[in-house]
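Peer 1: So here's work.txt (compact mmCIF, C-alpha atoms).
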# COMPACT_ATOMS: atom_id res chain seq x y z
CA MET A 1 5.88 -19.38 -12.44
CA LYS A 2 6.02 -15.79 -11.24
CA ALA A 3 3.77 -13.86 -8.88
CA LEU A 4 3.36 -10.16 -8.20
CA LEU A 5 2.21 -8.93 -4.78
CA LEU A 6 1.04 -5.32 -4.50
CA VAL A 7 1.59 -4.20 -0.89
CA ALA A 8 -0.34 -1.20 0.45
CA HIS A 9 -0.46 0.31 3.92
CA GLY A 10 -3.99 -0.76 4.74
CA SER A 11 -6.77 1.40 6.16
CA ARG A 12 -9.67 1.25 8.59
CA ARG A 13 -11.79 2.41 5.65
CA ILE A 14 -13.01 -0.59 3.66
CA GLU A 15 -13.28 1.60 0.56
CA SER A 16 -9.56 2.38 0.63
CA ASN A 17 -8.66 -1.29 0.85
CA ASP A 18 -11.11 -2.03 -1.96
CA GLU A 19 -9.28 0.54 -4.12
CA VAL A 20 -6.09 -1.50 -3.66
CA ALA A 21 -7.84 -4.75 -4.51
CA ALA A 22 -9.32 -3.20 -7.64
CA LEU A 23 -5.90 -1.89 -8.67
CA ALA A 24 -4.39 -5.36 -8.21
CA GLN A 25 -7.09 -6.75 -10.48
CA LYS A 26 -6.23 -4.21 -13.17
CA LEU A 27 -2.56 -5.10 -12.74
CA ALA A 28 -3.47 -8.77 -13.22
CA LEU A 29 -4.99 -7.98 -16.62
CA LYS A 30 -1.96 -5.91 -17.60
CA ALA A 31 0.56 -8.44 -16.23
CA ASP A 32 -0.97 -11.46 -17.90
CA GLY A 33 1.91 -13.45 -19.36
CA GLU A 34 4.55 -11.84 -17.16
CA PHE A 35 2.98 -12.76 -13.81
CA ALA A 36 0.64 -15.75 -13.59
CA VAL A 37 -0.53 -14.64 -10.16
CA VAL A 38 -1.20 -11.04 -9.12
CA SER A 39 -2.43 -10.43 -5.60
CA HIS A 40 -2.42 -7.76 -2.90
CA ALA A 41 -1.60 -7.52 0.79
CA PHE A 42 -1.58 -4.91 3.56
CA LEU A 43 1.12 -3.89 6.01
CA GLU A 44 -1.42 -3.25 8.75
CA LEU A 45 -5.07 -2.53 9.59
CA SER A 46 -6.39 -4.97 7.00
CA GLU A 47 -6.03 -8.49 5.64
CA PRO A 48 -4.35 -10.32 4.01
CA SER A 49 -1.05 -9.58 5.75
CA ILE A 50 2.19 -9.53 3.75
CA PRO A 51 3.24 -13.05 4.89
CA ALA A 52 -0.26 -14.34 4.08
CA GLY A 53 -0.11 -12.69 0.66
CA ILE A 54 3.26 -14.27 -0.10
CA GLU A 55 1.98 -17.64 1.15
CA HIS A 56 -0.99 -17.32 -1.20
CA CYS A 57 1.31 -16.69 -4.18
CA LEU A 58 3.49 -19.70 -3.32
CA SER A 59 0.45 -21.92 -2.78
CA GLN A 60 -0.61 -21.09 -6.34
CA GLY A 61 2.68 -22.57 -7.55
CA ALA A 62 4.81 -19.42 -7.83
CA LYS A 63 8.59 -19.92 -7.56
CA SER A 64 9.19 -16.18 -7.66
CA VAL A 65 7.28 -13.48 -5.77
CA THR A 66 7.85 -9.80 -6.65
CA VAL A 67 6.76 -7.58 -3.75
CA LEU A 68 5.81 -4.09 -4.97
CA PRO A 69 5.32 -1.43 -2.25
CA TYR A 70 2.40 0.87 -3.07
CA PHE A 71 3.95 3.70 -1.05
CA LEU A 72 4.91 7.25 -1.99
CA ALA A 73 7.70 7.99 0.49
CA ARG A 74 10.81 6.22 1.68
CA GLY A 75 9.64 6.06 5.29
CA THR A 76 9.96 3.45 8.01
CA HIS A 77 7.31 1.31 6.38
CA VAL A 78 9.32 1.01 3.18
CA VAL A 79 12.76 0.81 4.78
CA GLU A 80 12.07 -1.47 7.74
CA ASP A 81 8.54 -2.77 8.17
CA ILE A 82 7.90 -4.29 4.76
CA PRO A 83 11.36 -5.96 4.55
CA GLU A 84 10.81 -7.44 8.03
CA GLN A 85 7.47 -8.94 7.00
CA VAL A 86 8.90 -10.27 3.74
CA ALA A 87 11.90 -11.77 5.56
CA ILE A 88 9.58 -14.06 7.51
CA LYS A 89 8.69 -15.89 4.32
CA GLN A 90 12.17 -15.63 2.83
CA ARG A 91 13.46 -17.59 5.84
CA GLU A 92 10.60 -20.08 5.60
CA TYR A 93 11.10 -20.66 1.86
CA PRO A 94 14.84 -20.22 1.15
CA ASP A 95 14.49 -21.82 -2.31
CA ALA A 96 11.83 -19.37 -3.50
CA ASP A 97 12.86 -16.07 -5.09
CA ILE A 98 11.00 -13.58 -2.91
CA HIS A 99 12.19 -10.04 -3.52
CA ILE A 100 11.11 -6.42 -3.06
CA VAL A 101 11.29 -3.91 -5.92
CA ASP A 102 11.32 -0.10 -5.84
CA TYR A 103 8.31 1.56 -4.23
CA LEU A 104 5.83 3.62 -6.23
CA GLY A 105 7.31 6.98 -5.20
CA THR A 106 10.55 6.23 -7.09
CA ALA A 107 8.88 6.02 -10.50
CA ASP A 108 10.05 8.67 -12.96
CA GLU A 109 6.69 8.51 -14.75
CA LEU A 110 4.97 10.07 -11.71
CA VAL A 111 5.83 13.50 -13.09
CA ASP A 112 3.97 12.87 -16.35
CA LEU A 113 1.07 11.29 -14.53
CA LEU A 114 0.70 14.23 -12.14
CA PHE A 115 0.92 16.70 -15.00
CA ASN A 116 -1.91 14.86 -16.77
CA LEU A 117 -4.05 15.02 -13.61
CA ALA A 118 -3.31 18.72 -13.23
CA THR A 119 -4.34 19.54 -16.79
CA GLY A 120 -7.40 17.27 -16.76
CA MET B 1 -1.31 33.27 -14.94
CA LYS B 2 -1.78 29.73 -13.63
CA ALA B 3 -0.21 27.97 -10.65
CA LEU B 4 -0.02 24.32 -9.66
CA LEU B 5 0.20 23.32 -6.00
CA LEU B 6 1.22 19.74 -5.22
CA VAL B 7 -0.24 18.83 -1.81
CA ALA B 8 1.25 15.92 0.16
CA HIS B 9 0.45 14.63 3.62
CA GLY B 10 3.68 15.76 5.25
CA SER B 11 5.98 13.71 7.46
CA ARG B 12 8.14 14.02 10.54
CA ARG B 13 10.94 12.73 8.31
CA ILE B 14 12.66 15.61 6.53
CA GLU B 15 13.71 13.25 3.74
CA SER B 16 10.08 12.43 2.90
CA ASN B 17 9.19 16.11 2.67
CA ASP B 18 12.28 16.69 0.55
CA GLU B 19 11.06 13.99 -1.85
CA VAL B 20 7.87 16.02 -2.35
CA ALA B 21 9.79 19.24 -2.91
CA ALA B 22 12.01 17.51 -5.47
CA LEU B 23 8.98 16.11 -7.26
CA ALA B 24 7.42 19.59 -7.40
CA GLN B 25 10.63 20.87 -8.97
CA LYS B 26 10.48 18.16 -11.65
CA LEU B 27 6.83 19.06 -12.23
CA ALA B 28 7.85 22.69 -12.67
CA LEU B 29 10.19 21.71 -15.50
CA LYS B 30 7.50 19.56 -17.12
CA ALA B 31 4.74 22.14 -16.61
CA ASP B 32 6.66 25.07 -18.00
CA GLY B 33 4.27 26.96 -20.25
CA GLU B 34 1.15 25.46 -18.74
CA PHE B 35 1.81 26.60 -15.15
CA ALA B 36 4.01 29.61 -14.52
CA VAL B 37 4.27 28.72 -10.83
CA VAL B 38 4.61 25.19 -9.44
CA SER B 39 4.89 24.80 -5.70
CA HIS B 40 4.17 22.28 -2.94
CA ALA B 41 2.44 22.25 0.43
CA PHE B 42 1.67 19.82 3.25
CA LEU B 43 -1.58 18.94 4.97
CA GLU B 44 0.17 18.47 8.31
CA LEU B 45 3.48 17.82 10.09
CA SER B 46 5.44 20.12 7.81
CA GLU B 47 5.46 23.53 6.18
CA PRO B 48 4.27 25.28 4.08
CA SER B 49 0.64 24.60 4.95
CA ILE B 50 -1.98 24.42 2.21
CA PRO B 51 -3.26 27.98 2.83
CA ALA B 52 0.34 29.25 2.86
CA GLY B 53 1.05 27.39 -0.38
CA ILE B 54 -2.00 28.91 -2.07
CA GLU B 55 -1.06 32.35 -0.74
CA HIS B 56 2.43 31.91 -2.22
CA CYS B 57 0.97 31.11 -5.64
CA LEU B 58 -1.34 34.14 -5.56
CA SER B 59 1.48 36.41 -4.39
CA GLN B 60 3.41 35.38 -7.49
CA GLY B 61 0.57 36.74 -9.60
CA ALA B 62 -1.46 33.59 -10.22
CA LYS B 63 -5.17 34.09 -10.97
CA SER B 64 -5.76 30.33 -11.00
CA VAL B 65 -4.42 27.75 -8.53
CA THR B 66 -4.78 24.04 -9.30
CA VAL B 67 -4.47 21.98 -6.10
CA LEU B 68 -3.27 18.43 -6.82
CA PRO B 69 -3.52 15.94 -3.91
CA TYR B 70 -0.50 13.62 -3.84
CA PHE B 71 -2.54 10.91 -2.12
CA LEU B 72 -3.27 7.31 -3.06
CA ALA B 73 -6.60 6.69 -1.34
CA ARG B 74 -9.90 8.52 -1.10
CA GLY B 75 -9.69 8.87 2.69
CA THR B 76 -10.69 11.63 5.08
CA HIS B 77 -7.67 13.70 4.05
CA VAL B 78 -8.80 13.81 0.43
CA VAL B 79 -12.53 14.06 1.08
CA GLU B 80 -12.61 16.52 3.97
CA ASP B 81 -9.30 17.87 5.22
CA ILE B 82 -7.80 19.20 1.99
CA PRO B 83 -11.08 20.83 0.82
CA GLU B 84 -11.43 22.51 4.24
CA GLN B 85 -7.93 23.97 4.01
CA VAL B 86 -8.45 25.09 0.42
CA ALA B 87 -11.81 26.68 1.32
CA ILE B 88 -10.05 29.10 3.67
CA LYS B 89 -8.35 30.75 0.71
CA GLN B 90 -11.35 30.38 -1.62
CA ARG B 91 -13.35 32.49 0.85
CA GLU B 92 -10.52 34.98 1.21
CA TYR B 93 -10.02 35.35 -2.57
CA PRO B 94 -13.45 34.84 -4.19
CA ASP B 95 -12.22 36.23 -7.52
CA ALA B 96 -9.38 33.74 -7.85
CA ASP B 97 -9.98 30.34 -9.46
CA ILE B 98 -8.74 27.99 -6.74
CA HIS B 99 -9.78 24.41 -7.42
CA ILE B 100 -8.86 20.84 -6.48
CA VAL B 101 -8.32 18.17 -9.14
CA ASP B 102 -8.41 14.37 -8.85
CA TYR B 103 -5.92 12.81 -6.42
CA LEU B 104 -3.03 10.66 -7.59
CA GLY B 105 -4.74 7.35 -6.79
CA THR B 106 -7.38 7.96 -9.48
CA ALA B 107 -4.89 8.00 -12.36
CA ASP B 108 -5.43 5.19 -14.87
CA GLU B 109 -1.72 5.28 -15.75
CA LEU B 110 -0.83 3.91 -12.29
CA VAL B 111 -1.34 0.40 -13.63
CA ASP B 112 1.30 0.83 -16.35
CA LEU B 113 3.64 2.57 -13.94
CA LEU B 114 3.38 -0.24 -11.35
CA PHE B 115 3.87 -2.87 -14.04
CA ASN B 116 7.07 -1.11 -15.12
CA LEU B 117 8.33 -1.07 -11.53
CA ALA B 118 7.50 -4.76 -11.12
CA THR B 119 9.39 -5.77 -14.24
CA GLY B 120 12.35 -3.50 -13.55
Can you present the structure in this file as structure tokens?

Peer 2:
Amino acid sequence: MKALLLVAHGSRRIESNDEVAALAQKLALKADGEFAVVSHAFLELSEPSIPAGIEHCLSQGAKSVTVLPYFLARGTHVVEDIPEQVAIKQREYPDADIHIVDYLGTADELVDLLFNLATG
Amino acid sequence: MKALLLVAHGSRRIESNDEVAALAQKLALKADGEFAVVSHAFLELSEPSIPAGIEHCLSQGAKSVTVLPYFLARGTHVVEDIPEQVAIKQREYPDADIHIVDYLGTADELVDLLFNLATG
């Protein structure tokens, strides 16, 4: 059973964190069949943390957890901080397949999406 | 003649700012015909600033400047800071059509895009 964990930065603004939760819910509808569990987590400033989010996925029976960074730039958060947080659970559950995929900013489709926003 | 200005937060990391510049270049290829000028600007930490970016578009002959916030969350930057910076040039050029469109995080297509990233 596979799980998908959407990881955002986290904000002091509740509304921003709620936007991430709502997006994860939409992803859950879209991912039905591919991922039995879709959840979200925050790098900082909000809960659940990344380790807690991974733990939640595993506790639901997931053998595989895909960590998807909801970040635009390849900064320290993407390169170091998220992998460090994920590694905590990779060490704790060596038999689980816990892996990080490309962050949002790498997606080729961003160009089309931005063009659509620009033209309304 | 219409211009499109992609506005990102800006980073101390040159590579992150370069990612934005590269994305604006891809947008320019995509937007050819719709926007004669496509440029980028940063809210802080890097140049060009938003007013400088708008000025650049107008100096190229644009009568309309569409400002597109490359931001994921509806935080203070989107709600207050970007409009304040844009207003400087709106006051200076009342005859130009300088307007801000929805930020990246509002795009419905983000769900499909994230699903594609998750499934490789």

Peer 1: Pull out every residue of chain B that has at least one atom within 8 Å of chain A, counting only C-alpha atoms, and report them as a short mmCIF file (atom, residue, chain, number, x, y, z; two decimals) with C-alpha atoms, keeping the file's coordinate frame.

Peer 2:
data_model
loop_
_atom_site.label_atom_id
_atom_site.label_comp_id
_atom_site.auth_asym_id
_atom_site.auth_seq_id
_atom_site.Cartn_x
_atom_site.Cartn_y
_atom_site.Cartn_z
CA LEU B 4 -0.02 24.32 -9.66
CA ARG B 13 10.94 12.73 8.31
CA GLU B 15 13.71 13.25 3.74
CA SER B 16 10.08 12.43 2.90
CA GLU B 19 11.06 13.99 -1.85
CA LEU B 23 8.98 16.11 -7.26
CA LYS B 26 10.48 18.16 -11.65
CA LEU B 27 6.83 19.06 -12.23
CA LYS B 30 7.50 19.56 -17.12
CA ALA B 31 4.74 22.14 -16.61
CA THR B 66 -4.78 24.04 -9.30
CA VAL B 67 -4.47 21.98 -6.10
CA LEU B 68 -3.27 18.43 -6.82
CA ALA B 73 -6.60 6.69 -1.34
CA ARG B 74 -9.90 8.52 -1.10
CA GLY B 75 -9.69 8.87 2.69
CA VAL B 101 -8.32 18.17 -9.14
CA ASP B 102 -8.41 14.37 -8.85
CA TYR B 103 -5.92 12.81 -6.42
CA LEU B 104 -3.03 10.66 -7.59
CA ALA B 107 -4.89 8.00 -12.36
CA GLU B 109 -1.72 5.28 -15.75
CA LEU B 110 -0.83 3.91 -12.29
CA VAL B 111 -1.34 0.40 -13.63
CA ASP B 112 1.30 0.83 -16.35
CA LEU B 113 3.64 2.57 -13.94
CA LEU B 114 3.38 -0.24 -11.35
CA PHE B 115 3.87 -2.87 -14.04
CA LEU B 117 8.33 -1.07 -11.53
CA ALA B 118 7.50 -4.76 -11.12
CA GLY B 120 12.35 -3.50 -13.55
#

Peer 1: Given the choices A:Ile98, A:Met1, A:Val7, A:Ala62, which gets closest to Ser49 of chain A if the distance is worked out from all atoms listed in the file?

Peer 2: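 Of A:Ile98, A:Met1, A:Val7, A:Ala62, the one nearest Ser49 of chain A, counting all atoms listed in the file, is A:Val7.
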
Peer 1: Quick one: pull the distance between atom CA of Ile54 of chain A and atom CA of Ile14 of chain A, Å, one decimal.

Peer 2: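 Atom CA of Ile54 of chain A sits 21.6 Å away from atom CA of Ile14 of chain A.
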
Peer 1: Which of these residues is nearest to Pro83 of chain B, using all atoms listed in the file: B:Leu43, B:Val37, B:Ser59, B:Asp95?

Peer 2: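 Smallest separation from Pro83 of chain B among the options: B:Leu43.
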
Peer 1: Rounded to one decimal place, report the atom CA of Asp97 of chain B-atom CA of Lys63 of chain B distance in Å.

Peer 2: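 Atom CA of Lys63 of chain B lies at a distance of 6.3 Å from atom CA of Asp97 of chain B.
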
Peer 1: I'd like to know which of B:Ala22, B:Ala3, B:Leu58, B:Ile50 is closest to Ala36 of chain B, using all atoms listed in the file.

Peer 2: B:Ala3

Peer 1: Could you please determine the separation between atom CA of Val86 of chain B and atom CA of Ser39 of chain B in Å, to one decimal place?

Peer 2: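 Calculated distance between atom CA of Val86 of chain B and atom CA of Ser39 of chain B is 14.7 Å.
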
Peer 1: Please provide the set of residues having any atom within 9 Å of Lys89 of chain A, restricted to only C-alpha atoms, with same-chain residues fewer than 2 positions apart removed, written as a PDB file with C-alpha atoms, in the frame of the given file.

Peer 2:
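Final file, selection_28.pdb:
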ATOM      1  CA  PRO A  51       3.240 -13.050   4.890  1.00  0.00           C
ATOM      2  CA  ILE A  54       3.260 -14.270  -0.100  1.00  0.00           C
ATOM      3  CA  GLU A  55       1.980 -17.640   1.150  1.00  0.00           C
ATOM      4  CA  GLN A  85       7.470  -8.940   7.000  1.00  0.00           C
ATOM      5  CA  VAL A  86       8.900 -10.270   3.740  1.00  0.00           C
ATOM      6  CA  ALA A  87      11.900 -11.770   5.560  1.00  0.00           C
ATOM      7  CA  ARG A  91      13.460 -17.590   5.840  1.00  0.00           C
ATOM      8  CA  GLU A  92      10.600 -20.080   5.600  1.00  0.00           C
ATOM      9  CA  TYR A  93      11.100 -20.660   1.860  1.00  0.00           C
ATOM     10  CA  PRO A  94      14.840 -20.220   1.150  1.00  0.00           C
ATOM     11  CA  ILE A  98      11.000 -13.580  -2.910  1.00  0.00           C
TER      12      ILE A  98
END

Peer 1: Would you place a box with edges along x, y and z of the file around all atoms of segment 12-17 of chain B listed there, add 5 Å to each of its six sides, and report the centre and edge lengths in Å to one decimal, as lines of an AutoDock Vina configuration file?

Peer 2:
center_x = 10.9
center_y = 14.3
center_z = 6.6
size_x = 15.6
size_y = 13.7
size_z = 17.9

Peer 1: Of the candidates A:Ile88, A:Lys2, A:His56, A:Val65, which one gets nearest to Gly33 of chain A if we count all atoms listed in the file?

Peer 2: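 Between A:Ile88, A:Lys2, A:His56, A:Val65, the residue approaching Gly33 of chain A most closely is A:Lys2.
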